[in-house]
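Enquirer: Pasting work_2.pdb below, which is PDB, C-alpha atoms.
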```pdb
ATOM      1  CA  MET A 775     121.748  68.506 143.041
ATOM      2  CA  GLU A 776     122.812  71.064 145.639
ATOM      3  CA  ILE A 777     126.360  71.519 146.932
ATOM      4  CA  THR A 778     127.582  73.945 149.584
ATOM      5  CA  TYR A 779     131.315  74.556 149.373
ATOM      6  CA  HIS A 780     134.201  76.897 150.054
ATOM      7  CA  LEU A 781     136.310  78.308 147.225
ATOM      8  CA  ALA A 782     139.222  76.043 148.199
ATOM      9  CA  ASP A 783     137.030  73.099 147.104
ATOM     10  CA  ILE A 784     135.940  74.537 143.750
ATOM     11  CA  GLU A 785     137.750  71.961 141.583
ATOM     12  CA  THR A 786     136.064  69.108 143.463
ATOM     13  CA  VAL A 787     132.719  70.822 142.880
ATOM     14  CA  ALA A 788     133.476  71.196 139.158
ATOM     15  CA  LYS A 789     134.251  67.457 138.952
ATOM     16  CA  LYS A 790     130.957  66.616 140.691
ATOM     17  CA  VAL A 791     129.042  68.829 138.299
ATOM     18  CA  LEU A 792     130.670  67.175 135.290
ATOM     19  CA  THR A 793     129.615  63.734 136.500
ATOM     20  CA  ALA A 794     126.028  64.935 137.047
ATOM     21  CA  ILE A 795     125.299  66.633 133.728
ATOM     22  CA  ASP A 796     124.334  65.364 130.306
ATOM     23  CA  SER A 797     124.778  68.580 128.328
ATOM     24  CA  LYS A 798     127.747  70.648 127.211
ATOM     25  CA  THR A 799     125.770  73.859 127.733
ATOM     26  CA  LEU A 800     125.808  75.382 131.217
ATOM     27  CA  LEU A 801     123.890  78.496 132.180
ATOM     28  CA  LEU A 802     125.187  80.181 135.342
ATOM     29  CA  LYS A 803     123.010  82.486 137.381
ATOM     30  CA  GLY A 804     124.133  84.419 140.395
ATOM     31  CA  SER A 805     124.732  87.893 141.682
ATOM     32  CA  MET A 806     127.815  89.914 140.854
ATOM     33  CA  GLY A 807     130.841  88.558 142.737
ATOM     34  CA  VAL A 808     129.326  85.203 143.690
ATOM     35  CA  GLY A 809     132.026  83.238 141.861
ATOM     36  CA  LYS A 810     130.658  82.393 138.420
ATOM     37  CA  THR A 811     133.969  83.049 136.663
ATOM     38  CA  THR A 812     135.843  81.271 139.459
ATOM     39  CA  PHE A 813     133.672  78.195 138.890
ATOM     40  CA  ILE A 814     134.329  78.393 135.136
ATOM     41  CA  LYS A 815     138.065  78.655 135.798
ATOM     42  CA  ALA A 816     137.890  75.406 137.811
ATOM     43  CA  LEU A 817     135.730  73.738 135.157
ATOM     44  CA  VAL A 818     138.167  74.634 132.375
ATOM     45  CA  LYS A 819     141.043  73.226 134.429
ATOM     46  CA  VAL A 820     139.163  69.999 135.248
ATOM     47  CA  LEU A 821     138.362  69.592 131.537
ATOM     48  CA  GLY A 822     142.118  69.543 130.868
ATOM     49  CA  SER A 823     142.981  73.052 129.733
ATOM     50  CA  ASN A 824     145.865  75.176 130.962
ATOM     51  CA  ASP A 825     144.392  78.332 129.428
ATOM     52  CA  ASP A 826     144.192  81.435 131.569
ATOM     53  CA  VAL A 827     140.507  82.046 132.329
ATOM     54  CA  SER A 828     139.177  85.562 132.749
ATOM     55  CA  SER A 829     135.779  87.200 132.571
ATOM     56  CA  PRO A 830     134.707  88.082 129.032
ATOM     57  CA  THR A 831     132.657  91.041 130.264
ATOM     58  CA  PHE A 832     133.907  93.350 127.512
ATOM     59  CA  SER A 833     134.743  90.811 124.820
ATOM     60  CA  ILE A 834     131.420  88.922 125.376
ATOM     61  CA  VAL A 835     133.081  85.568 124.637
ATOM     62  CA  ASN A 836     136.399  83.932 125.496
ATOM     63  CA  VAL A 837     137.530  80.680 123.898
ATOM     64  CA  TYR A 838     139.503  78.071 125.819
ATOM     65  CA  GLU A 839     141.227  75.158 124.128
ATOM     66  CA  LEU A 840     140.529  71.733 125.618
ATOM     67  CA  PRO A 841     142.001  68.390 124.597
ATOM     68  CA  ASN A 842     139.970  67.523 121.451
ATOM     69  CA  ASP A 843     137.396  70.253 122.101
ATOM     70  CA  LYS A 844     136.965  73.901 123.073
ATOM     71  CA  LEU A 845     134.879  75.854 125.541
ATOM     72  CA  TYR A 846     133.106  79.116 124.788
ATOM     73  CA  HIS A 847     132.703  81.267 127.896
ATOM     74  CA  PHE A 848     130.050  83.953 127.473
ATOM     75  CA  ASP A 849     129.274  86.895 129.705
ATOM     76  CA  MET A 850     125.947  88.336 128.560
ATOM     77  CA  TYR A 851     125.870  91.053 131.231
ATOM     78  CA  ARG A 852     126.443  93.870 128.738
ATOM     79  CA  ILE A 853     124.082  92.481 126.094
ATOM     80  CA  ASN A 854     121.062  94.776 125.844
ATOM     81  CA  ASP A 855     118.751  92.449 123.946
ATOM     82  CA  GLU A 856     118.581  89.273 121.901
ATOM     83  CA  ALA A 857     119.069  91.180 118.634
ATOM     84  CA  GLU A 858     122.522  92.211 119.827
ATOM     85  CA  ALA A 859     123.401  88.562 120.541
ATOM     86  CA  LEU A 860     122.191  87.570 117.091
ATOM     87  CA  GLN A 861     124.398  90.265 115.550
ATOM     88  CA  PHE A 862     127.562  88.726 116.970
ATOM     89  CA  GLY A 863     126.507  85.246 115.817
ATOM     90  CA  ILE A 864     125.387  83.540 119.035
ATOM     91  CA  GLU A 865     123.531  80.872 117.031
ATOM     92  CA  ASP A 866     126.754  79.682 115.431
ATOM     93  CA  TYR A 867     128.345  79.219 118.839
ATOM     94  CA  LEU A 868     125.286  77.452 120.248
ATOM     95  CA  ALA A 869     125.174  75.066 117.275
ATOM     96  CA  SER A 870     128.916  74.316 117.428
ATOM     97  CA  ASN A 871     128.784  71.131 119.542
ATOM     98  CA  HIS A 872     131.486  72.591 121.787
ATOM     99  CA  TRP A 873     131.173  73.460 125.456
ATOM    100  CA  ILE A 874     129.111  76.591 126.118
ATOM    101  CA  VAL A 875     129.242  78.173 129.566
ATOM    102  CA  MET A 876     127.219  81.337 129.909
ATOM    103  CA  GLU A 877     126.993  83.938 132.631
ATOM    104  CA  TRP A 878     123.860  86.130 132.749
ATOM    105  CA  PRO A 879     121.785  83.899 130.398
ATOM    106  CA  GLU A 880     118.622  85.724 131.451
ATOM    107  CA  HIS A 881     119.585  88.472 128.982
ATOM    108  CA  ILE A 882     118.789  86.205 126.007
ATOM    109  CA  PRO A 883     115.957  83.893 127.174
ATOM    110  CA  SER A 884     114.464  82.875 123.832
ATOM    111  CA  LEU A 885     117.866  82.063 122.298
ATOM    112  CA  LEU A 886     118.902  79.511 124.918
ATOM    113  CA  PRO A 887     119.119  75.858 123.838
ATOM    114  CA  GLU A 888     116.491  73.498 125.237
ATOM    115  CA  ASP A 889     118.979  71.006 126.644
ATOM    116  CA  ALA A 890     121.013  73.454 128.732
ATOM    117  CA  VAL A 891     121.855  72.750 132.352
ATOM    118  CA  CYS A 892     121.067  75.631 134.691
ATOM    119  CA  MET A 893     123.128  76.429 137.760
ATOM    120  CA  ASP A 894     122.370  78.916 140.523
ATOM    121  CA  LEU A 895     125.326  80.155 142.553
ATOM    122  CA  ILE A 896     124.537  81.715 145.918
ATOM    123  CA  LEU A 897     126.909  83.457 148.338
ATOM    124  CA  ASN A 898     126.136  82.433 151.918
ATOM    125  CA  ALA A 899     126.619  84.550 155.057
ATOM    126  CA  ASP A 900     129.689  82.502 156.069
ATOM    127  CA  HIS A 901     131.293  83.199 152.642
ATOM    128  CA  SER A 902     130.663  79.639 151.468
ATOM    129  CA  ARG A 903     128.785  79.173 148.222
ATOM    130  CA  THR A 904     125.810  77.001 147.344
ATOM    131  CA  LEU A 905     125.504  75.615 143.854
ATOM    132  CA  LYS A 906     122.067  74.427 142.774
ATOM    133  CA  LEU A 907     122.038  72.345 139.610
ATOM    134  CA  HIS A 908     118.831  72.160 137.582
ATOM    135  CA  LYS A 909     119.121  69.668 134.755
ATOM    136  CA  ASN A 910     116.742  68.299 132.172
ATOM    137  CA  LEU A 911     114.781  71.530 132.051
ATOM    138  CA  ASN A 912     112.857  72.151 128.874
ATOM    139  CA  LEU A 913     113.623  75.796 128.238
ATOM    140  CA  THR A 914     110.837  76.001 125.650
ATOM    141  CA  ASN A 915     108.397  75.460 128.510
ATOM    142  CA  LYS A 916     107.857  78.876 130.132
ATOM    143  CA  ILE A 917     107.441  77.441 133.642
ATOM    144  CA  MET A 918     110.656  75.426 133.395
ATOM    145  CA  ALA A 919     112.539  78.314 131.818
ATOM    146  CA  LYS A 920     111.433  80.566 134.667
ATOM    147  CA  ASN A 921     113.223  78.230 137.095
ATOM    148  CA  CYS A 922     116.434  78.706 135.174
ATOM    149  CA  ILE A 923     116.547  82.215 133.835
ATOM    150  CA  ASN A 924     114.444  84.348 136.147
TER     151      ASN A 924
END
```
Starting from the coordinates I provided, produce the structure as structure tokens.
Expert:
Amino acid sequence: MEITYHLADIETVAKKVLTAIDSKTLLLKGSMGVGKTTFIKALVKVLGSNDDVSSPTFSIVNVYELPNDKLYHFDMYRINDEAEALQFGIEDYLASNHWIVMEWPEHIPSLLPEDAVCMDLILNADHSRTLKLHKNLNLTNKIMAKNCIN
């Protein structure tokens, strides 16, 4: 699925993504400033939370309460290697059965769950964004993982 949109339409895009996915783990790729956190803010709202969403760049993870669930928002930008992610207990989060939305997943490639949905966010010349959704990728397959995390 590929959607080109303007930021004013971000909640509609989040709703479309939710109807298209079959996983609660989303991996967001995109350059700095493309709107990854803005998309997550819309997603959290569409999922029914009133929590204030901000980038967890320095805290690594923020937790948002949803009706009957929660969402873990990770920013792996500052993670140097997979050992560092293991030290803060990433496996416990990934095994939690809650929503996982991760920015900069390419920093921990071998720790990513197989059933994750990958999303590329691209900033276009006219300031619109393009979201490319890659679902049903087997992240244990190096070729498929390359499509998501490289």
Enquirer: Pick the closest to Met893 in chain A from A:Phe848, A:Trp873, A:Tyr779, A:Phe813: which is it, counting all atoms listed in the file?
Expert: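 Going through A:Phe848, A:Trp873, A:Tyr779, A:Phe813 one by one, the smallest distance to Met893 in chain A is for A:Phe813.
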Enquirer: For Glu856 in chain A, work out the shell of residues within 9 Å, counting only C-alpha atoms and skipping chain neighbours fewer than 4 positions away, then give it as a count of residues only.
Expert: 7
Enquirer: Let me know the residues the PyMOL selection byres ((chain A and resi 795-812) around 6) catches in the file above, as a list of chain:residue names.
Expert: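 Applied to this file, the PyMOL selection byres ((chain A and resi 795-812) around 6) selects A:Leu792, A:Thr793, A:Ala794, A:Phe813, A:Ile814, A:Lys815, A:Trp873, A:Ile874, A:Val875, A:Met876, A:Glu877, A:Trp878, A:Ala890, A:Val891, A:Cys892, A:Met893, A:Asp894, A:Leu895, A:Leu897.
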Enquirer: CA of Leu845 in chain A and CA of His872 in chain A are how many Å apart?
Expert: 6.0 Å
Enquirer: Between CA of His847 in chain A and CA of Glu785 in chain A, what is the spacing in Å?
Expert: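 Going from CA of Glu785 in chain A over to CA of His847 in chain A covers 17.3 Å.
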Enquirer: Do you have the CA of Leu781 in chain A-CA of Tyr846 in chain A distance handy?
Expert: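 Taking CA of Leu781 in chain A as the start and CA of Tyr846 in chain A as the end point, the length is 22.7 Å.
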Enquirer: Applied to this file, what does the PyMOL selection byres ((chain A and resi 835) around 9) return in terms of residues, put as a PyMOL selection string?
Expert: chain A and resi 829-834+836-837+846-850+876
Enquirer: Here is a test: counting only C-alpha atoms, which residue of A:Leu886, A:Ile853, A:Glu880, A:Lys789 is nearest to Glu865 in chain A?
Expert: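 Looking at the shortest contact to Glu865 in chain A, the residue is A:Leu886.
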Enquirer: Show which residues sit within 10 Å of Ala782 in chain A, as a list in words. Count all atoms listed in the file, and ignore same-chain residues fewer than 4 positions away.
Expert: Thr786, Val787 and Ser902 of chain A
Enquirer: Would you list the contacts of Thr904 in chain A as a PyMOL selection string, taking every protein, DNA or RNA residue within 6 Å and counting all atoms listed in the file, but skipping same-chain residues closer than 4 positions in sequence?
Expert: chain A and resi 777-778+895-896
Enquirer: Which residues match the PyMOL selection byres ((chain A and resi 820-825) around 8) in the file above, as a ChimeraX atom specification?
Expert: /A:785,788-789,816-819,826-827,838-841
Enquirer: Would you save range 868-885 of chain A to a file, keeping C-alpha atoms, as a JSON list (two decimals), in the first residue's frame?
Expert:
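After the write, selection.json holds the following:
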```json
[["chain", "number", "residue", "atom", "x", "y", "z"],
["A", 868, "LEU", "CA", 8.52, -7.11, 22.11],
["A", 869, "ALA", "CA", 6.95, -10.13, 23.83],
["A", 870, "SER", "CA", 4.33, -8.04, 25.65],
["A", 871, "ASN", "CA", 1.45, -8.40, 23.15],
["A", 872, "HIS", "CA", 0.97, -4.63, 23.26],
["A", 873, "TRP", "CA", 1.40, -2.20, 20.39],
["A", 874, "ILE", "CA", 5.04, -1.58, 19.44],
["A", 875, "VAL", "CA", 5.86, 1.35, 17.18],
["A", 876, "MET", "CA", 9.55, 1.82, 16.51],
["A", 877, "GLU", "CA", 11.51, 4.59, 14.85],
["A", 878, "TRP", "CA", 14.99, 3.74, 13.51],
["A", 879, "PRO", "CA", 14.50, -0.07, 13.65],
["A", 880, "GLU", "CA", 17.57, -0.55, 11.46],
["A", 881, "HIS", "CA", 19.69, -0.08, 14.61],
["A", 882, "ILE", "CA", 18.58, -3.48, 15.97],
["A", 883, "PRO", "CA", 17.98, -5.70, 12.89],
["A", 884, "SER", "CA", 18.34, -9.15, 14.44],
["A", 885, "LEU", "CA", 16.05, -8.32, 17.39]]
```
